[in-house]
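The next block is input.cif, given as mmCIF, C-alpha atoms and all ligand atoms.
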```cif
data_final
loop_
_atom_site.group_PDB
_atom_site.id
_atom_site.type_symbol
_atom_site.label_atom_id
_atom_site.label_comp_id
_atom_site.auth_asym_id
_atom_site.auth_seq_id
_atom_site.Cartn_x
_atom_site.Cartn_y
_atom_site.Cartn_z
ATOM 1 C CA MET A 1043 1.956 38.514 1.702
ATOM 2 C CA ALA A 1044 0.224 38.809 5.017
ATOM 3 C CA ASP A 1045 -2.632 36.889 6.482
ATOM 4 C CA PHE A 1046 -5.123 38.463 8.859
ATOM 5 C CA HIS A 1047 -3.841 41.071 11.378
ATOM 6 C CA GLY A 1048 -0.539 41.328 9.497
ATOM 7 C CA PHE A 1049 0.557 37.890 10.716
ATOM 8 C CA LYS A 1050 2.614 36.272 8.017
ATOM 9 C CA SER A 1051 1.652 32.634 7.798
ATOM 10 C CA ALA A 1052 4.274 29.914 7.821
ATOM 11 C CA THR A 1053 3.413 28.989 4.221
ATOM 12 C CA ALA A 1054 4.051 32.564 3.088
ATOM 13 C CA ARG A 1055 7.365 32.614 4.936
ATOM 14 C CA LEU A 1056 8.466 29.386 3.310
ATOM 15 C CA ARG A 1057 7.477 30.648 -0.137
ATOM 16 C CA GLU A 1058 9.402 33.838 0.514
ATOM 17 C CA LEU A 1059 12.521 31.836 1.505
ATOM 18 C CA LEU A 1060 12.224 29.780 -1.686
ATOM 19 C CA SER A 1061 11.930 32.878 -3.837
ATOM 20 C CA ARG A 1062 15.181 34.432 -2.603
ATOM 21 C CA ASP A 1063 17.970 34.623 -5.157
ATOM 22 C CA ASP A 1064 21.334 33.157 -4.224
ATOM 23 C CA HIS A 1065 19.992 31.623 -1.066
ATOM 24 C CA ILE A 1066 19.728 28.140 0.355
ATOM 25 C CA THR A 1067 17.456 27.406 3.306
ATOM 26 C CA ILE A 1068 18.921 24.943 5.780
ATOM 27 C CA CYS A 1069 16.329 22.830 7.581
ATOM 28 C CA PRO A 1070 17.568 20.871 10.593
ATOM 29 C CA GLY A 1071 15.794 17.565 11.097
ATOM 30 C CA VAL A 1072 13.760 17.439 14.307
ATOM 31 C CA TYR A 1073 11.450 14.742 15.554
ATOM 32 C CA ASP A 1074 9.996 15.785 18.912
ATOM 33 C CA GLY A 1075 9.317 18.806 21.074
ATOM 34 C CA LEU A 1076 12.767 18.994 22.595
ATOM 35 C CA THR A 1077 14.716 18.698 19.350
ATOM 36 C CA ALA A 1078 12.383 21.249 17.759
ATOM 37 C CA ARG A 1079 12.940 23.653 20.670
ATOM 38 C CA ILE A 1080 16.706 23.247 20.321
ATOM 39 C CA ALA A 1081 16.536 24.009 16.593
ATOM 40 C CA LEU A 1082 14.275 27.003 17.228
ATOM 41 C CA ARG A 1083 16.744 28.316 19.783
ATOM 42 C CA GLY A 1084 19.390 27.948 17.068
ATOM 43 C CA ASN A 1085 17.478 30.496 14.950
ATOM 44 C CA PHE A 1086 16.973 28.416 11.821
ATOM 45 C CA ASP A 1087 14.622 29.860 9.209
ATOM 46 C CA CYS A 1088 12.784 26.589 8.707
ATOM 47 C CA LEU A 1089 12.549 23.181 10.407
ATOM 48 C CA TYR A 1090 12.153 19.718 8.922
ATOM 49 C CA MET A 1091 10.241 16.914 10.649
ATOM 50 C CA THR A 1092 11.872 13.633 9.747
ATOM 51 C CA GLY A 1093 9.727 10.544 9.254
ATOM 52 C CA ALA A 1094 12.651 8.315 10.165
ATOM 53 C CA GLY A 1095 13.080 10.221 13.436
ATOM 54 C CA THR A 1096 9.341 10.131 14.098
ATOM 55 C CA ALA A 1097 9.280 6.353 13.593
ATOM 56 C CA ALA A 1098 12.318 5.890 15.849
ATOM 57 C CA SER A 1099 11.201 8.226 18.619
ATOM 58 C CA ARG A 1100 7.465 7.579 18.702
ATOM 59 C CA LEU A 1101 7.397 3.907 17.792
ATOM 60 C CA GLY A 1102 10.917 2.695 18.445
ATOM 61 C CA MET A 1103 10.793 1.327 14.913
ATOM 62 C CA PRO A 1104 12.891 1.656 11.752
ATOM 63 C CA ASP A 1105 11.962 3.802 8.744
ATOM 64 C CA LEU A 1106 10.002 1.064 6.943
ATOM 65 C CA GLY A 1107 6.606 2.650 6.360
ATOM 66 C CA LEU A 1108 5.317 1.756 9.828
ATOM 67 C CA VAL A 1109 4.210 5.188 10.980
ATOM 68 C CA THR A 1110 0.581 6.001 10.258
ATOM 69 C CA MET A 1111 -0.765 9.322 9.080
ATOM 70 C CA ASN A 1112 -1.941 10.026 12.621
ATOM 71 C CA ASP A 1113 1.508 9.365 14.096
ATOM 72 C CA MET A 1114 3.012 11.834 11.649
ATOM 73 C CA LEU A 1115 0.255 14.425 11.890
ATOM 74 C CA THR A 1116 0.197 14.497 15.688
ATOM 75 C CA ASN A 1117 3.939 14.922 15.824
ATOM 76 C CA ALA A 1118 4.084 17.577 13.108
ATOM 77 C CA ALA A 1119 1.138 19.512 14.552
ATOM 78 C CA MET A 1120 2.825 19.694 17.948
ATOM 79 C CA ILE A 1121 6.145 20.799 16.430
ATOM 80 C CA ALA A 1122 4.490 23.417 14.185
ATOM 81 C CA SER A 1123 2.630 24.833 17.203
ATOM 82 C CA LEU A 1124 5.815 25.657 19.128
ATOM 83 C CA ASP A 1125 6.616 28.697 16.999
ATOM 84 C CA ARG A 1126 4.181 29.716 14.278
ATOM 85 C CA THR A 1127 6.673 32.167 12.794
ATOM 86 C CA VAL A 1128 9.114 29.442 11.742
ATOM 87 C CA PRO A 1129 7.867 27.237 8.894
ATOM 88 C CA LEU A 1130 7.926 23.485 9.282
ATOM 89 C CA ILE A 1131 8.360 21.093 6.370
ATOM 90 C CA ALA A 1132 7.069 17.652 7.328
ATOM 91 C CA ASP A 1133 7.637 14.285 5.741
ATOM 92 C CA ALA A 1134 4.371 12.841 4.413
ATOM 93 C CA ASP A 1135 5.916 9.660 2.959
ATOM 94 C CA THR A 1136 3.555 8.179 0.333
ATOM 95 C CA GLY A 1137 0.514 10.104 1.572
ATOM 96 C CA TYR A 1138 -0.593 6.875 3.311
ATOM 97 C CA GLY A 1139 -3.037 5.526 0.716
ATOM 98 C CA GLY A 1140 -4.859 6.267 -2.532
ATOM 99 C CA PRO A 1141 -5.761 9.743 -3.783
ATOM 100 C CA VAL A 1142 -8.565 10.299 -1.268
ATOM 101 C CA MET A 1143 -6.250 9.431 1.601
ATOM 102 C CA VAL A 1144 -3.475 11.622 0.184
ATOM 103 C CA ALA A 1145 -5.928 14.526 0.022
ATOM 104 C CA ARG A 1146 -6.953 13.867 3.617
ATOM 105 C CA THR A 1147 -3.302 13.877 4.680
ATOM 106 C CA VAL A 1148 -2.610 17.153 2.901
ATOM 107 C CA LYS A 1149 -5.696 18.844 4.322
ATOM 108 C CA SER A 1150 -4.823 17.676 7.820
ATOM 109 C CA TYR A 1151 -1.254 18.958 7.496
ATOM 110 C CA ILE A 1152 -2.520 22.330 6.271
ATOM 111 C CA ALA A 1153 -5.038 22.579 9.116
ATOM 112 C CA ALA A 1154 -2.191 21.858 11.548
ATOM 113 C CA GLY A 1155 -0.215 24.830 10.231
ATOM 114 C CA ILE A 1156 2.495 22.845 8.468
ATOM 115 C CA ALA A 1157 4.137 24.946 5.757
ATOM 116 C CA GLY A 1158 5.413 22.260 3.400
ATOM 117 C CA LEU A 1159 5.327 18.502 2.920
ATOM 118 C CA HIS A 1160 6.838 15.916 0.630
ATOM 119 C CA LEU A 1161 5.128 13.045 -1.129
ATOM 120 C CA GLU A 1162 7.051 10.247 -2.783
ATOM 121 C CA ASP A 1163 6.623 7.455 -5.307
ATOM 122 C CA GLN A 1164 7.550 4.457 -3.173
ATOM 123 C CA VAL A 1165 5.031 1.683 -2.480
ATOM 124 C CA LEU A 1166 3.078 2.005 0.771
ATOM 125 C CA SER A 1167 5.405 -0.347 2.611
ATOM 126 C CA LYS A 1168 8.210 2.063 1.876
ATOM 127 C CA ARG A 1169 11.681 2.304 3.348
ATOM 128 C CA CYS A 1170 14.292 4.975 4.002
ATOM 129 C CA GLY A 1171 15.452 6.393 0.681
ATOM 130 C CA HIS A 1172 19.043 5.518 1.501
ATOM 131 C CA LEU A 1173 18.410 1.789 1.875
ATOM 132 C CA LEU A 1174 18.665 -0.753 -0.906
ATOM 133 C CA GLY A 1175 15.761 -2.607 -2.527
ATOM 134 C CA LYS A 1176 13.252 0.229 -2.773
ATOM 135 C CA GLU A 1177 10.093 -0.523 -4.738
ATOM 136 C CA ILE A 1178 8.299 2.249 -6.551
ATOM 137 C CA VAL A 1179 4.793 2.759 -7.897
ATOM 138 C CA ASP A 1180 4.155 3.472 -11.586
ATOM 139 C CA GLU A 1181 4.154 6.985 -12.955
ATOM 140 C CA ASP A 1182 0.355 7.313 -13.019
ATOM 141 C CA THR A 1183 0.004 6.336 -9.382
ATOM 142 C CA PHE A 1184 2.684 8.841 -8.407
ATOM 143 C CA LEU A 1185 1.019 11.605 -10.386
ATOM 144 C CA SER A 1186 -2.366 10.794 -8.886
ATOM 145 C CA ARG A 1187 -0.801 11.363 -5.441
ATOM 146 C CA ILE A 1188 0.491 14.772 -6.514
ATOM 147 C CA ARG A 1189 -2.802 15.691 -8.181
ATOM 148 C CA ALA A 1190 -4.725 14.684 -5.066
ATOM 149 C CA ALA A 1191 -2.427 16.942 -3.027
ATOM 150 C CA VAL A 1192 -3.016 19.856 -5.400
ATOM 151 C CA ILE A 1193 -6.800 19.366 -5.243
ATOM 152 C CA ALA A 1194 -6.655 19.251 -1.441
ATOM 153 C CA ARG A 1195 -4.624 22.461 -1.383
ATOM 154 C CA GLU A 1196 -7.132 24.236 -3.663
ATOM 155 C CA GLU A 1197 -10.016 23.150 -1.455
ATOM 156 C CA MET A 1198 -8.223 24.346 1.669
ATOM 157 C CA LYS A 1199 -7.351 27.685 0.066
ATOM 158 C CA ALA A 1200 -11.031 28.161 -0.695
ATOM 159 C CA SER A 1201 -11.992 27.399 2.899
ATOM 160 C CA ILE A 1202 -9.251 28.826 5.141
ATOM 161 C CA GLY A 1203 -7.664 31.444 2.888
ATOM 162 C CA GLU A 1204 -5.399 31.764 -0.126
ATOM 163 C CA VAL A 1205 -2.226 32.236 1.910
ATOM 164 C CA ALA A 1206 -2.691 29.939 4.903
ATOM 165 C CA GLY A 1207 -3.921 27.128 2.668
ATOM 166 C CA ASP A 1208 -1.060 27.441 0.233
ATOM 167 C CA ILE A 1209 1.119 24.626 1.549
ATOM 168 C CA VAL A 1210 4.352 24.037 -0.376
ATOM 169 C CA LEU A 1211 4.106 20.688 -2.156
ATOM 170 C CA ILE A 1212 7.395 18.888 -2.598
ATOM 171 C CA ALA A 1213 7.428 15.986 -5.054
ATOM 172 C CA ARG A 1214 9.974 13.318 -4.154
ATOM 173 C CA THR A 1215 11.019 10.503 -6.405
ATOM 174 C CA ASP A 1216 12.827 7.411 -5.213
ATOM 175 C CA SER A 1217 13.064 6.047 -8.744
ATOM 176 C CA LEU A 1218 16.697 6.970 -9.351
ATOM 177 C CA GLN A 1219 17.860 3.711 -7.733
ATOM 178 C CA SER A 1220 15.827 1.440 -10.037
ATOM 179 C CA LEU A 1221 15.019 3.500 -13.154
ATOM 180 C CA GLY A 1222 18.023 5.795 -13.475
ATOM 181 C CA PHE A 1223 18.523 9.536 -13.728
ATOM 182 C CA ASP A 1224 16.506 10.367 -16.850
ATOM 183 C CA GLU A 1225 13.361 8.548 -15.699
ATOM 184 C CA ALA A 1226 13.622 10.082 -12.233
ATOM 185 C CA ILE A 1227 13.891 13.569 -13.701
ATOM 186 C CA LYS A 1228 10.949 12.832 -16.013
ATOM 187 C CA ARG A 1229 8.827 11.921 -12.982
ATOM 188 C CA LEU A 1230 9.769 15.134 -11.217
ATOM 189 C CA LYS A 1231 9.015 17.233 -14.295
ATOM 190 C CA MET A 1232 5.579 15.653 -14.592
ATOM 191 C CA ALA A 1233 4.920 16.251 -10.905
ATOM 192 C CA ILE A 1234 5.832 19.909 -11.387
ATOM 193 C CA GLU A 1235 3.463 20.099 -14.348
ATOM 194 C CA VAL A 1236 0.570 18.935 -12.204
ATOM 195 C CA GLY A 1237 1.347 21.470 -9.477
ATOM 196 C CA ALA A 1238 4.284 20.490 -7.253
ATOM 197 C CA ASP A 1239 6.324 23.510 -6.125
ATOM 198 C CA VAL A 1240 9.633 21.865 -5.255
ATOM 199 C CA ALA A 1241 11.493 18.836 -6.639
ATOM 200 C CA PHE A 1242 13.213 16.272 -4.413
ATOM 201 C CA LEU A 1243 15.433 13.777 -6.185
ATOM 202 C CA GLU A 1244 16.072 11.169 -3.491
ATOM 203 C CA GLY A 1245 19.526 9.630 -3.299
ATOM 204 C CA PRO A 1246 21.665 11.250 -5.993
ATOM 205 C CA THR A 1247 24.934 9.363 -5.820
ATOM 206 C CA ASP A 1248 27.352 12.013 -7.054
ATOM 207 C CA VAL A 1249 27.812 15.735 -7.404
ATOM 208 C CA ASP A 1250 27.260 15.610 -11.143
ATOM 209 C CA GLN A 1251 23.741 14.191 -10.679
ATOM 210 C CA CYS A 1252 23.034 16.932 -8.133
ATOM 211 C CA ARG A 1253 24.186 19.664 -10.498
ATOM 212 C CA ARG A 1254 22.316 18.250 -13.499
ATOM 213 C CA ALA A 1255 19.110 17.824 -11.510
ATOM 214 C CA CYS A 1256 19.148 21.474 -10.409
ATOM 215 C CA ARG A 1257 19.950 22.612 -13.935
ATOM 216 C CA VAL A 1258 17.300 20.633 -15.794
ATOM 217 C CA LEU A 1259 14.574 21.268 -13.216
ATOM 218 C CA ALA A 1260 15.151 25.049 -13.033
ATOM 219 C CA PRO A 1261 13.392 27.347 -12.303
ATOM 220 C CA THR A 1262 11.680 24.904 -9.920
ATOM 221 C CA PRO A 1263 13.524 24.885 -6.585
ATOM 222 C CA VAL A 1264 15.289 21.606 -5.824
ATOM 223 C CA LEU A 1265 15.759 20.100 -2.364
ATOM 224 C CA LEU A 1266 18.882 18.272 -1.208
ATOM 225 C CA ASN A 1267 18.438 15.532 1.374
ATOM 226 C CA ASN A 1268 21.694 15.417 3.298
ATOM 227 C CA VAL A 1269 22.058 12.034 5.003
ATOM 228 C CA PRO A 1270 25.699 11.569 6.023
ATOM 229 C CA GLY A 1271 26.554 7.904 5.622
ATOM 230 C CA GLY A 1272 23.761 7.557 3.045
ATOM 231 C CA VAL A 1273 24.164 7.302 -0.720
ATOM 232 C CA THR A 1274 24.476 11.034 -1.445
ATOM 233 C CA PRO A 1275 27.731 12.960 -0.994
ATOM 234 C CA ASP A 1276 27.760 14.916 2.254
ATOM 235 C CA LEU A 1277 27.697 18.513 0.987
ATOM 236 C CA THR A 1278 27.965 21.703 2.982
ATOM 237 C CA ALA A 1279 25.163 24.211 2.565
ATOM 238 C CA LYS A 1280 27.535 26.403 0.545
ATOM 239 C CA GLU A 1281 28.450 23.562 -1.790
ATOM 240 C CA ALA A 1282 24.784 22.631 -2.179
ATOM 241 C CA GLN A 1283 23.888 26.213 -2.984
ATOM 242 C CA GLU A 1284 26.651 26.407 -5.593
ATOM 243 C CA LEU A 1285 25.186 23.310 -7.253
ATOM 244 C CA GLY A 1286 21.832 25.079 -7.460
ATOM 245 C CA PHE A 1287 19.843 23.670 -4.507
ATOM 246 C CA LYS A 1288 17.386 26.015 -2.755
ATOM 247 C CA LEU A 1289 16.623 23.835 0.266
ATOM 248 C CA MET A 1290 18.747 21.450 2.268
ATOM 249 C CA ILE A 1291 17.171 19.140 4.805
ATOM 250 C CA TYR A 1292 19.418 17.448 7.334
ATOM 251 C CA PRO A 1293 17.022 14.791 8.689
ATOM 252 C CA GLY A 1294 19.435 12.960 10.977
ATOM 253 C CA LEU A 1295 20.988 16.015 12.638
ATOM 254 C CA MET A 1296 19.354 15.639 16.049
ATOM 255 C CA LEU A 1297 18.629 11.932 15.823
ATOM 256 C CA THR A 1298 22.249 10.897 15.345
ATOM 257 C CA ALA A 1299 23.483 13.335 18.013
ATOM 258 C CA VAL A 1300 20.963 11.962 20.524
ATOM 259 C CA TYR A 1301 21.694 8.396 19.501
ATOM 260 C CA ASP A 1302 25.438 8.803 20.023
ATOM 261 C CA SER A 1303 25.316 10.740 23.245
ATOM 262 C CA CYS A 1304 22.629 8.550 24.834
ATOM 263 C CA THR A 1305 24.510 5.410 23.799
ATOM 264 C CA ALA A 1306 27.680 6.736 25.435
ATOM 265 C CA SER A 1307 25.911 7.860 28.627
ATOM 266 C CA SER A 1308 24.066 4.544 29.021
ATOM 267 C CA ALA A 1309 27.263 2.574 28.532
ATOM 268 C CA GLU A 1310 29.012 4.751 31.116
ATOM 269 C CA LEU A 1311 26.241 4.336 33.698
ATOM 270 C CA LYS A 1312 26.074 0.604 33.119
ATOM 271 C CA SER A 1313 29.803 0.041 33.390
ATOM 272 C CA THR A 1314 30.744 2.521 36.129
ATOM 273 C CA GLY A 1315 27.485 3.001 38.042
ATOM 274 C CA THR A 1316 27.688 6.760 37.528
ATOM 275 C CA VAL A 1317 27.931 9.376 34.796
ATOM 276 C CA LYS A 1318 30.514 12.129 34.746
ATOM 277 C CA LEU A 1319 28.463 15.254 34.280
ATOM 278 C CA THR A 1320 29.487 18.124 32.057
ATOM 279 C CA GLU A 1321 29.380 21.647 33.450
ATOM 280 C CA ARG A 1322 26.107 22.191 31.598
ATOM 281 C CA GLN A 1323 24.560 19.084 33.072
ATOM 282 C CA MET A 1324 25.566 20.236 36.564
ATOM 283 C CA GLU A 1325 23.228 23.219 36.090
ATOM 284 C CA GLY A 1326 20.328 20.825 36.545
ATOM 285 C CA PRO A 1327 17.213 20.570 34.401
ATOM 286 C CA LYS A 1328 16.184 24.229 34.577
ATOM 287 C CA ALA A 1329 18.196 25.306 31.531
ATOM 288 C CA LEU A 1330 16.502 22.609 29.496
ATOM 289 C CA PHE A 1331 13.068 23.607 30.794
ATOM 290 C CA THR A 1332 13.881 27.197 29.826
ATOM 291 C CA THR A 1333 14.581 26.091 26.269
ATOM 292 C CA CYS A 1334 11.179 24.416 26.416
ATOM 293 C CA GLY A 1335 9.372 27.641 27.339
ATOM 294 C CA LEU A 1336 9.532 27.696 31.155
ATOM 295 C CA LEU A 1337 9.586 31.504 31.392
ATOM 296 C CA GLU A 1338 6.704 31.915 28.939
ATOM 297 C CA CYS A 1339 4.617 29.465 30.992
ATOM 298 C CA ILE A 1340 5.335 31.381 34.191
ATOM 299 C CA GLN A 1341 4.440 34.684 32.517
ATOM 300 C CA LEU A 1342 1.190 33.316 31.166
ATOM 301 C CA ASP A 1343 0.187 31.959 34.558
ATOM 302 C CA LYS A 1344 0.895 35.316 36.197
ATOM 303 C CA LYS A 1345 -0.932 37.297 33.501
ATOM 304 C CA ALA A 1346 -3.983 35.087 33.950
ATOM 305 C CA GLY A 1347 -3.948 35.713 37.691
ATOM 306 C CA GLY A 1348 -2.479 32.371 38.660
ATOM 307 C CA GLN A 1349 -0.262 31.988 41.726
ATOM 308 C CA ALA A 1350 1.425 28.723 40.938
ATOM 309 C CA TYR A 1351 4.917 30.127 40.436
ATOM 310 C CA SER A 1352 4.766 33.347 42.485
ATOM 311 C CA SER A 1353 7.310 32.110 44.983
ATOM 312 C CA GLY A 1354 9.695 30.868 42.306
ATOM 313 C CA VAL A 1355 10.460 27.589 40.612
HETATM 314 C C1 LIG B 1401 14.139 12.156 4.583
HETATM 315 C C2 LIG B 1401 13.657 10.887 5.205
HETATM 316 O O1 LIG B 1401 12.500 10.476 4.525
HETATM 317 C C3 LIG B 1401 13.243 11.109 6.656
HETATM 318 O O2 LIG B 1401 12.429 10.311 7.125
HETATM 319 O O3 LIG B 1401 13.749 11.997 7.312
HETATM 320 C C4 LIG B 1401 14.695 9.762 5.203
HETATM 321 C C5 LIG B 1401 15.965 10.151 5.907
HETATM 322 C C6 LIG B 1401 16.656 9.016 6.641
HETATM 323 O O4 LIG B 1401 16.130 7.902 6.738
HETATM 324 O O5 LIG B 1401 17.737 9.280 7.177
HETATM 325 C C7 LIG B 1401 14.932 9.319 3.783
HETATM 326 O O6 LIG B 1401 14.223 8.416 3.331
HETATM 327 O O7 LIG B 1401 15.858 9.833 3.138
#
```
Let me see whether you can do it: turn the structure in this file into structure tokens.
Ligand SMILES: C[C@](O)(C(=O)O)[C@H](CC(=O)O)C(=O)O
Amino acid sequence: MADFHGFKSATARLRELLSRDDHITICPGVYDGLTARIALRGNFDCLYMTGAGTAASRLGMPDLGLVTMNDMLTNAAMIASLDRTVPLIADADTGYGGPVMVARTVKSYIAAGIAGLHLEDQVLSKRCGHLLGKEIVDEDTFLSRIRAAVIAREEMKASIGEVAGDIVLIARTDSLQSLGFDEAIKRLKMAIEVGADVAFLEGPTDVDQCRRACRVLAPTPVLLNNVPGGVTPDLTAKEAQELGFKLMIYPGLMLTAVYDSCTASSAELKSTGTVKLTERQMEGPKALFTTCGLLECIQLDKKAGGQAYSSGV
């Protein structure tokens, strides 16, 4: 499936990954340009933009439904633009309002080149799926969110093209915590019936629930949200694949690494007045700038006839 000029759109790539037999796609969680660049350098097939990480990095706030659609869209659009050949799945929380707003969110994500998004059934003032006390909307409200997303996708396909507009819709339910397994699965099955492509059961608490979810939802691909320290067992990609998952997001991958290393470095500077640098850090900032596209910027400048970097950087 190719778009114009043989360029395979990110949506087509993601759909191709999902259609592979005996394969699980691992999506590292990124939340800004630098973490996205690091994941891209790591050659992952697909990236995941975490809402929790976006709230923490852009707002300095917890994952409590405080990010607006614009916060999320701006972040996801920037991340998706860094490498159009690697699909990005972005968190879209509740869709940020009623059906019209959900449709607006989905259209904006598609226009920004985002390959997949997930929509959930929490109330607007939502919280991280691994916290207690989640409140959910009724089944009809959830389904109206998914339907609105499907309508938005159809309208975008008609205007920008069948392939580019074909964003992967991931239905997430947070109802397991309050309604139990059977009701949660029922919600996902109904979401699939109205057009969701992938099912996301948030917060399964044991391996048996994971296995059963994949079995009863087949052939629809099921996503595992791996949040070490959260309510779900911390599975390796291989274990997740054996249970039947087709996608594994790891939302906190970069966020927790940054959190820990920055906490340690700040404590060291505060207590000793200096920081012992690693060999990598002694190289200075150029290596990091290179990961962020330094050489490509220099090349572009030169190609355009610019002189800015002709005597080196
Ligand atoms: C997937 C998630 O929605 C996210 O924002 O990345 C969060 C993850 C987290 O808070 O660690 C979630 O609700 O599971």
Please enumerate the residues selected by the PyMOL selection byres (((chain A and resi 1105) around 10) and not hetatm) when evaluated against the supplied file, formatted as a compact mmCIF listing (two decimals) with C-alpha atoms, keeping the file's coordinate frame.
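Printed below is out_8.txt as written:
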```
# COMPACT_ATOMS: atom_id res chain seq x y z
CA THR A 1092 11.87 13.63 9.75
CA GLY A 1093 9.73 10.54 9.25
CA ALA A 1094 12.65 8.32 10.16
CA GLY A 1095 13.08 10.22 13.44
CA THR A 1096 9.34 10.13 14.10
CA ALA A 1097 9.28 6.35 13.59
CA ALA A 1098 12.32 5.89 15.85
CA GLY A 1102 10.92 2.70 18.44
CA MET A 1103 10.79 1.33 14.91
CA PRO A 1104 12.89 1.66 11.75
CA LEU A 1106 10.00 1.06 6.94
CA GLY A 1107 6.61 2.65 6.36
CA LEU A 1108 5.32 1.76 9.83
CA VAL A 1109 4.21 5.19 10.98
CA SER A 1167 5.40 -0.35 2.61
CA LYS A 1168 8.21 2.06 1.88
CA ARG A 1169 11.68 2.30 3.35
CA CYS A 1170 14.29 4.97 4.00
CA GLY A 1171 15.45 6.39 0.68
CA LEU A 1173 18.41 1.79 1.88
```
For CA of Phe1223 (chain A) and CA of Lys1176 (chain A), the interatomic separation in Å (one decimal): 15.3 Å
Explicit residues for the PyMOL selection byres (((chain A and resi 1209) around 12) and not hetatm) (as a ChimeraX atom specification): /A:1051-1057,1129-1132,1148-1160,1191-1199,1202-1208,1210-1212,1237-1240
Emit the selected residues as a PDB file, in the frame of the given file, including C-alpha atoms.
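Result saved to again_36.pdb:
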```pdb
ATOM      1  CA  SER A1051       1.652  32.634   7.798  1.00  0.00           C
ATOM      2  CA  ALA A1052       4.274  29.914   7.821  1.00  0.00           C
ATOM      3  CA  THR A1053       3.413  28.989   4.221  1.00  0.00           C
ATOM      4  CA  ALA A1054       4.051  32.564   3.088  1.00  0.00           C
ATOM      5  CA  ARG A1055       7.365  32.614   4.936  1.00  0.00           C
ATOM      6  CA  LEU A1056       8.466  29.386   3.310  1.00  0.00           C
ATOM      7  CA  ARG A1057       7.477  30.648  -0.137  1.00  0.00           C
ATOM      8  CA  PRO A1129       7.867  27.237   8.894  1.00  0.00           C
ATOM      9  CA  LEU A1130       7.926  23.485   9.282  1.00  0.00           C
ATOM     10  CA  ILE A1131       8.360  21.093   6.370  1.00  0.00           C
ATOM     11  CA  ALA A1132       7.069  17.652   7.328  1.00  0.00           C
ATOM     12  CA  VAL A1148      -2.610  17.153   2.901  1.00  0.00           C
ATOM     13  CA  LYS A1149      -5.696  18.844   4.322  1.00  0.00           C
ATOM     14  CA  SER A1150      -4.823  17.676   7.820  1.00  0.00           C
ATOM     15  CA  TYR A1151      -1.254  18.958   7.496  1.00  0.00           C
ATOM     16  CA  ILE A1152      -2.520  22.330   6.271  1.00  0.00           C
ATOM     17  CA  ALA A1153      -5.038  22.579   9.116  1.00  0.00           C
ATOM     18  CA  ALA A1154      -2.191  21.858  11.548  1.00  0.00           C
ATOM     19  CA  GLY A1155      -0.215  24.830  10.231  1.00  0.00           C
ATOM     20  CA  ILE A1156       2.495  22.845   8.468  1.00  0.00           C
ATOM     21  CA  ALA A1157       4.137  24.946   5.757  1.00  0.00           C
ATOM     22  CA  GLY A1158       5.413  22.260   3.400  1.00  0.00           C
ATOM     23  CA  LEU A1159       5.327  18.502   2.920  1.00  0.00           C
ATOM     24  CA  HIS A1160       6.838  15.916   0.630  1.00  0.00           C
ATOM     25  CA  ALA A1191      -2.427  16.942  -3.027  1.00  0.00           C
ATOM     26  CA  VAL A1192      -3.016  19.856  -5.400  1.00  0.00           C
ATOM     27  CA  ILE A1193      -6.800  19.366  -5.243  1.00  0.00           C
ATOM     28  CA  ALA A1194      -6.655  19.251  -1.441  1.00  0.00           C
ATOM     29  CA  ARG A1195      -4.624  22.461  -1.383  1.00  0.00           C
ATOM     30  CA  GLU A1196      -7.132  24.236  -3.663  1.00  0.00           C
ATOM     31  CA  GLU A1197     -10.016  23.150  -1.455  1.00  0.00           C
ATOM     32  CA  MET A1198      -8.223  24.346   1.669  1.00  0.00           C
ATOM     33  CA  LYS A1199      -7.351  27.685   0.066  1.00  0.00           C
ATOM     34  CA  ILE A1202      -9.251  28.826   5.141  1.00  0.00           C
ATOM     35  CA  GLY A1203      -7.664  31.444   2.888  1.00  0.00           C
ATOM     36  CA  GLU A1204      -5.399  31.764  -0.126  1.00  0.00           C
ATOM     37  CA  VAL A1205      -2.226  32.236   1.910  1.00  0.00           C
ATOM     38  CA  ALA A1206      -2.691  29.939   4.903  1.00  0.00           C
ATOM     39  CA  GLY A1207      -3.921  27.128   2.668  1.00  0.00           C
ATOM     40  CA  ASP A1208      -1.060  27.441   0.233  1.00  0.00           C
ATOM     41  CA  VAL A1210       4.352  24.037  -0.376  1.00  0.00           C
ATOM     42  CA  LEU A1211       4.106  20.688  -2.156  1.00  0.00           C
ATOM     43  CA  ILE A1212       7.395  18.888  -2.598  1.00  0.00           C
ATOM     44  CA  GLY A1237       1.347  21.470  -9.477  1.00  0.00           C
ATOM     45  CA  ALA A1238       4.284  20.490  -7.253  1.00  0.00           C
ATOM     46  CA  ASP A1239       6.324  23.510  -6.125  1.00  0.00           C
ATOM     47  CA  VAL A1240       9.633  21.865  -5.255  1.00  0.00           C
TER      48      VAL A1240
END
```
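One distance worth recording is that between CA of Glu1162 (chain A) and CA of Arg1187 (chain A), which is 8.4 Å.
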Gap from CA of Asp1180 (chain A) to CA of Asn1112 (chain A) - Å, one decimal: 25.8 Å
Evaluate the PyMOL selection byres (((chain A and resi 1295) around 10) and not hetatm) and report residues as a list of chain:residue names: A:Cys1069, A:Pro1070, A:Gly1071, A:Val1072, A:Thr1077, A:Ala1081, A:Thr1092, A:Gly1095, A:Asn1268, A:Val1269, A:Pro1270, A:Ile1291, A:Tyr1292, A:Pro1293, A:Gly1294, A:Met1296, A:Leu1297, A:Thr1298, A:Ala1299, A:Val1300
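Residue nearest Ser1307 (chain A) within the list A:Val1179, A:Cys1334, A:Leu1319, A:Val1355: A:Leu1319 [criterion: smallest interatomic distance, all atoms listed in the file].
Distances to ligand LIG 1401 (chain B) were evaluated for A:Pro1327, A:Pro1246, A:Gly1139, A:Gly1084 using all atoms listed in the file, and the minimum falls at A:Pro1246.
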